[in-house]
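> Here it is: the structure, laid out below.
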Amino acid sequence: METGSRRAVRVFPSREAQARGAAEVFAETLMAAVAISGRAAVALAGGTTPRAAYEALARPPWPDRVPWAALDVFFGDERWVHGGDPRSNVRMVREALLDHVPVDPARVHAPRIGAGDLAAIAEEYAARIAAHVPRGPSGWPRFDLVLLGMGADGHTASLFSGDPALEENQAAVAPVHRSPDGLPRVTLTLPVLNAAAGVIFIVAGSEKAEAAYRVLELEEPLPAGRVRPAGGSVWFLDASAARRLKRSE
Ligand code: 6PG
């Protein structure tokens with residue numbers, strides 16, 4: 001794992017400002033990638049925090065500033081629930097964003113929850129990533145952009161401390177048989193997250209302040225702290241999540 005990769009921190013006074021800032025970087029990063037390659041691949045975060053950024057991206061002027069027709073869209077993780085369940089990350093992202101923008105539905109790639117056991121679903125999802133996301137120099141599929149959140153315990157995607165998925169180093173997608181909320185999940189793994197050209201963390205709320213401090217100031221190897229892509233990462237924090245940080249850029 002690349003440990004010397006650049007980690008920038010941006011602190012926003014409000015969640016609205018944070019969402020706008022994330023929308024702007026999302027659009028710029030993917031426009032730049034498509035300008036070079038004619039296409040780009042992005043993995044989107046679940047949870048509740050990125051919803052505001054997705055809703056911002058669904059409103060003018062952003063749909064015209066994101067090259068939706070040239071994007072392959074993936075999801076960083078999904079829970080073992082049916083597609084209509086309010087806990088489904090895919091449902092949240094569709095409702096907040098994908099249903100409102102000119103993405104090619106054939107290029108929206110979700111884990112096929114329900115189609116076989118968890119290991120088979122993870123394997124099939126990894127195969128689809130390999131088919132649609134070009135390999136980078138490390139040999140792993142290289143997403144142009146990955147959005148991630150972080151839990152108050154420092155987990156990211158569905159990579160939880162103590163779970164074997166966190167140590168997976170052969171596969172791009174791992175099954176998570178038990179998560180703190182009791183739901184099995186599938187998740188992208190550290191090697192593929194660390195192969196990304198860019199990673200944006202979107203973290204908000206005072207309940208995340210301790211974990212943000214432990215990752216960003218103390219550099220503790222919590223799951224989110226182990227995401228150190230060679231291309232660098234940017235942490236978008238609201239003021240509450242950043243309140244324990246001494247300095248910010
Ligand atoms: C999930 C996630 C997860 C999430 C964090 C933060 O499906 O749970 O992808 O890693 O980003 O748990 O979640 P909140 O934004 O809801 O606090």
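Convention: chains lettered A, B, ... in structure tokens order; per-chain residue numbering from 1; ligands numbered from 1 as shown.
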Please identify every polymer residue within 6 Å of ligand 1, using only C-alpha atoms and all ligand atoms, and present the set as a compact mmCIF listing (two decimals) with all heavy atoms, in the first residue's frame.


# COMPACT_ATOMS: atom_id res chain seq x y z
N ALA A 45 -20.58 6.42 -2.87
CA ALA A 45 -20.70 6.03 -1.46
C ALA A 45 -22.16 5.87 -1.07
O ALA A 45 -23.04 6.52 -1.61
CB ALA A 45 -20.07 7.12 -0.59
N GLY A 46 -22.38 5.01 -0.08
CA GLY A 46 -23.71 4.88 0.50
C GLY A 46 -23.80 5.65 1.80
O GLY A 46 -23.07 6.63 2.00
N GLY A 47 -24.67 5.20 2.68
CA GLY A 47 -24.87 5.91 3.94
C GLY A 47 -25.74 7.14 3.70
O GLY A 47 -26.30 7.33 2.62
N THR A 48 -25.81 8.01 4.71
CA THR A 48 -26.71 9.17 4.59
C THR A 48 -25.99 10.46 4.20
O THR A 48 -26.57 11.32 3.56
CB THR A 48 -27.43 9.41 5.94
OG1 THR A 48 -26.42 9.49 6.96
CG2 THR A 48 -28.39 8.28 6.27
N THR A 49 -24.71 10.58 4.57
CA THR A 49 -24.03 11.87 4.40
C THR A 49 -23.92 12.33 2.95
O THR A 49 -24.13 13.51 2.68
CB THR A 49 -22.63 11.82 5.06
OG1 THR A 49 -22.76 11.23 6.34
CG2 THR A 49 -22.02 13.21 5.18
N ASP A 77 -20.35 -0.08 -1.77
CA ASP A 77 -20.84 -1.20 -0.97
C ASP A 77 -22.35 -1.26 -1.03
O ASP A 77 -23.01 -0.28 -1.41
CB ASP A 77 -20.37 -1.09 0.50
CG ASP A 77 -20.98 0.09 1.23
OD1 ASP A 77 -21.28 1.11 0.60
OD2 ASP A 77 -21.18 -0.02 2.45
N GLU A 78 -22.89 -2.41 -0.71
CA GLU A 78 -24.35 -2.55 -0.63
C GLU A 78 -24.70 -3.52 0.48
O GLU A 78 -23.94 -4.43 0.80
CB GLU A 78 -24.92 -3.00 -1.98
CG GLU A 78 -26.42 -3.17 -2.04
CD GLU A 78 -27.26 -1.91 -1.66
OE1 GLU A 78 -27.02 -1.34 -0.58
OE2 GLU A 78 -28.17 -1.56 -2.42
N ASN A 89 -28.28 1.14 -0.33
CA ASN A 89 -27.47 2.26 -0.83
C ASN A 89 -27.81 2.57 -2.27
O ASN A 89 -27.84 3.73 -2.68
CB ASN A 89 -25.97 1.90 -0.73
CG ASN A 89 -25.46 2.02 0.69
OD1 ASN A 89 -26.01 2.75 1.51
ND2 ASN A 89 -24.38 1.30 0.98
N LEU A 148 -16.39 8.14 -0.73
CA LEU A 148 -16.52 7.31 0.47
C LEU A 148 -17.07 8.14 1.62
O LEU A 148 -16.89 9.37 1.65
CB LEU A 148 -15.15 6.75 0.88
CG LEU A 148 -14.53 5.68 -0.02
CD1 LEU A 148 -13.10 5.40 0.41
CD2 LEU A 148 -15.36 4.39 0.01
N GLY A 149 -17.70 7.47 2.56
CA GLY A 149 -18.09 8.08 3.82
C GLY A 149 -17.26 7.44 4.93
O GLY A 149 -16.38 6.61 4.67
N MET A 150 -17.52 7.84 6.14
CA MET A 150 -16.84 7.20 7.27
C MET A 150 -17.81 7.11 8.44
O MET A 150 -18.53 8.08 8.73
CB MET A 150 -15.61 8.00 7.69
CG MET A 150 -14.89 7.36 8.89
SD MET A 150 -13.40 8.24 9.39
CE MET A 150 -14.09 9.72 10.10
N GLY A 151 -17.84 5.98 9.11
CA GLY A 151 -18.67 5.82 10.30
C GLY A 151 -17.95 6.37 11.53
O GLY A 151 -16.74 6.60 11.50
N HIS A 155 -15.07 3.07 10.20
CA HIS A 155 -15.23 2.18 9.03
C HIS A 155 -15.48 3.03 7.79
O HIS A 155 -15.93 4.18 7.87
CB HIS A 155 -16.34 1.16 9.24
CG HIS A 155 -17.73 1.67 9.02
ND1 HIS A 155 -18.54 2.09 10.04
CD2 HIS A 155 -18.46 1.83 7.89
CE1 HIS A 155 -19.71 2.47 9.55
NE2 HIS A 155 -19.69 2.34 8.24
N THR A 156 -15.17 2.45 6.65
CA THR A 156 -15.51 3.09 5.38
C THR A 156 -15.99 2.03 4.42
O THR A 156 -15.62 0.86 4.59
CB THR A 156 -14.32 3.88 4.81
OG1 THR A 156 -14.79 4.68 3.71
CG2 THR A 156 -13.19 2.97 4.33
N ALA A 157 -16.79 2.42 3.42
CA ALA A 157 -17.51 1.43 2.61
C ALA A 157 -18.08 0.42 3.61
O ALA A 157 -18.64 0.82 4.63
CB ALA A 157 -16.59 0.82 1.55
N SER A 158 -17.92 -0.89 3.39
CA SER A 158 -18.32 -1.83 4.46
C SER A 158 -17.08 -2.55 4.98
O SER A 158 -17.09 -3.76 5.20
CB SER A 158 -19.39 -2.81 3.97
OG SER A 158 -20.63 -2.14 3.83

> Give me, as CSV, each residue of range 107-196 of chain A that comes within 7 Å of range 226-233 of chain A, together with its shortest interatomic pair and the distance in Å at one decimal, counting only C-alpha atoms, with rows ordered by chain and rising residue number.


residue,atom,partner,partner_atom,distance
A:Leu190,CA,A:Val227,CA,6.5
A:Leu193,CA,A:Val227,CA,6.6
A:Asn194,CA,A:Pro229,CA,3.9
A:Ala195,CA,A:Pro229,CA,5.8
A:Ala196,CA,A:Pro229,CA,6.0

> Excluding Arg39 in chain A and residues on its chain fewer than 5 positions from it, collect all residues at most 10 Å away from it, counting only C-alpha atoms, and give them as a list in words.

Leu30, Met31, Ala32, Ala33, Val34, Pro67, Trp68, Ala69, Ala70, Leu71, Asp72, Val133 and Asp144 of chain A

> Name the residues in contact with range 114-118 of chain A at a cut-off of 8 Å, using only C-alpha atoms, excluding same-chain residues fewer than 4 positions from it; report them as a list of chain:residue names.

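Contacts, in chain order: A:Trp80, A:His82, A:Ala122, A:Pro175, A:Val176, A:His177, A:Pro184, A:Arg185, A:Val186.
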
> Generate the output file for the selected residues, C-alpha atoms, as a short mmCIF file (atom, residue, chain, number, x, y, z; two decimals), in the first residue's frame.


data_model
loop_
_atom_site.label_atom_id
_atom_site.label_comp_id
_atom_site.auth_asym_id
_atom_site.auth_seq_id
_atom_site.Cartn_x
_atom_site.Cartn_y
_atom_site.Cartn_z
CA TRP A 80 -28.20 -7.47 1.92
CA HIS A 82 -34.03 -5.92 -1.53
CA ALA A 122 -19.09 -10.43 -4.59
CA PRO A 175 -18.47 -10.40 1.24
CA VAL A 176 -19.10 -9.06 4.74
CA HIS A 177 -21.02 -11.69 6.63
CA PRO A 184 -24.54 -8.89 5.46
CA ARG A 185 -22.97 -6.69 2.80
CA VAL A 186 -20.60 -6.65 -0.15
#

> Would you mind telling me which residue in A:Glu28, A:Glu95, A:Asp238, A:Glu220 lies nearest to Asp64 in chain A when using only C-alpha atoms?

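Among the listed residues, the smallest separation from Asp64 in chain A belongs to A:Glu28.
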
> Enumerate the residues of range 2-248 of chain A with a DSSP assignment of helix (DSSP H, G or I), computed from the backbone, and present them as a PyMOL selection string.

chain A and resi 15-37+51-57+62-65+68-70+89-96+98-100+105-107+118-132+164-167+190-194+206-216+223-226

> Can you tell me, as a list in words, what residues are no more than 8 Å from Ala96 in chain A when counting only C-alpha atoms, ignoring any on the same chain fewer than 3 positions away?

Arg51, Tyr54, Glu55, Ala58, Met92, Val93, Asp99 and His100 of chain A

> Under the rule that only C-alpha atoms are counted, which of A:Val199, A:Ala119, A:Ala209, A:Val81 is the nearest residue to Arg6 in chain A?

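Between A:Val199, A:Ala119, A:Ala209, A:Val81, the residue approaching Arg6 in chain A most closely is A:Val199.
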
> Go through A:Gln170, A:Pro180, A:Arg243, A:Ile200 and flag the residue nearest Glu217 in chain A, using only C-alpha atoms for the distances.

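Of A:Gln170, A:Pro180, A:Arg243, A:Ile200, the one nearest Glu217 in chain A is A:Arg243, counting only C-alpha atoms.
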
> When you draw a straight line from CA of Leu57 in chain A to CA of Val173 in chain A, how long is it in Å?

26.7 Å

> Tell me which of A:Asp104, A:Pro60, A:Ala43, A:Val90 sits closest to Gly198 in chain A, counting only C-alpha atoms.

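Checking each of A:Asp104, A:Pro60, A:Ala43, A:Val90 against Gly198 in chain A, counting only C-alpha atoms, the winner is A:Ala43.
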
> Skipping near chain neighbours, those fewer than 4 positions away, what residues fall within 8 Å of Val234 in chain A using only C-alpha atoms, listed as an NGL selection string?

:A and (7-10 or 199-201)

> Those same residues, written as a PDB file, in the first residue's frame with N, CA and C atoms?


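out_39.pdb written:
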ATOM      1  N   ARG A   7      -2.856  13.600   1.254  1.00  0.00           N
ATOM      2  CA  ARG A   7      -4.200  13.624   1.843  1.00  0.00           C
ATOM      3  C   ARG A   7      -4.524  15.077   2.168  1.00  0.00           C
ATOM      4  N   ALA A   8      -5.492  15.627   1.456  1.00  0.00           N
ATOM      5  CA  ALA A   8      -5.873  17.018   1.696  1.00  0.00           C
ATOM      6  C   ALA A   8      -7.155  17.044   2.513  1.00  0.00           C
ATOM      7  N   VAL A   9      -7.297  18.084   3.316  1.00  0.00           N
ATOM      8  CA  VAL A   9      -8.496  18.229   4.137  1.00  0.00           C
ATOM      9  C   VAL A   9      -9.147  19.568   3.813  1.00  0.00           C
ATOM     10  N   ARG A  10     -10.433  19.540   3.513  1.00  0.00           N
ATOM     11  CA  ARG A  10     -11.164  20.789   3.277  1.00  0.00           C
ATOM     12  C   ARG A  10     -12.332  20.851   4.244  1.00  0.00           C
ATOM     13  N   VAL A 199      -9.785   9.815  -4.551  1.00  0.00           N
ATOM     14  CA  VAL A 199     -10.795   9.424  -3.559  1.00  0.00           C
ATOM     15  C   VAL A 199     -11.264  10.679  -2.836  1.00  0.00           C
ATOM     16  N   ILE A 200     -12.561  10.809  -2.689  1.00  0.00           N
ATOM     17  CA  ILE A 200     -13.129  11.894  -1.892  1.00  0.00           C
ATOM     18  C   ILE A 200     -13.899  11.275  -0.725  1.00  0.00           C
ATOM     19  N   PHE A 201     -13.534  11.654   0.485  1.00  0.00           N
ATOM     20  CA  PHE A 201     -14.325  11.295   1.666  1.00  0.00           C
ATOM     21  C   PHE A 201     -15.283  12.447   1.960  1.00  0.00           C
TER      22      PHE A 201
END

> Which is closer to Gly225 in chain A than all the others in A:Arg128, A:Pro134, A:Ser5, A:Leu188, using only C-alpha atoms?

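The shortest atom-to-atom distance to Gly225 in chain A comes from A:Ser5.
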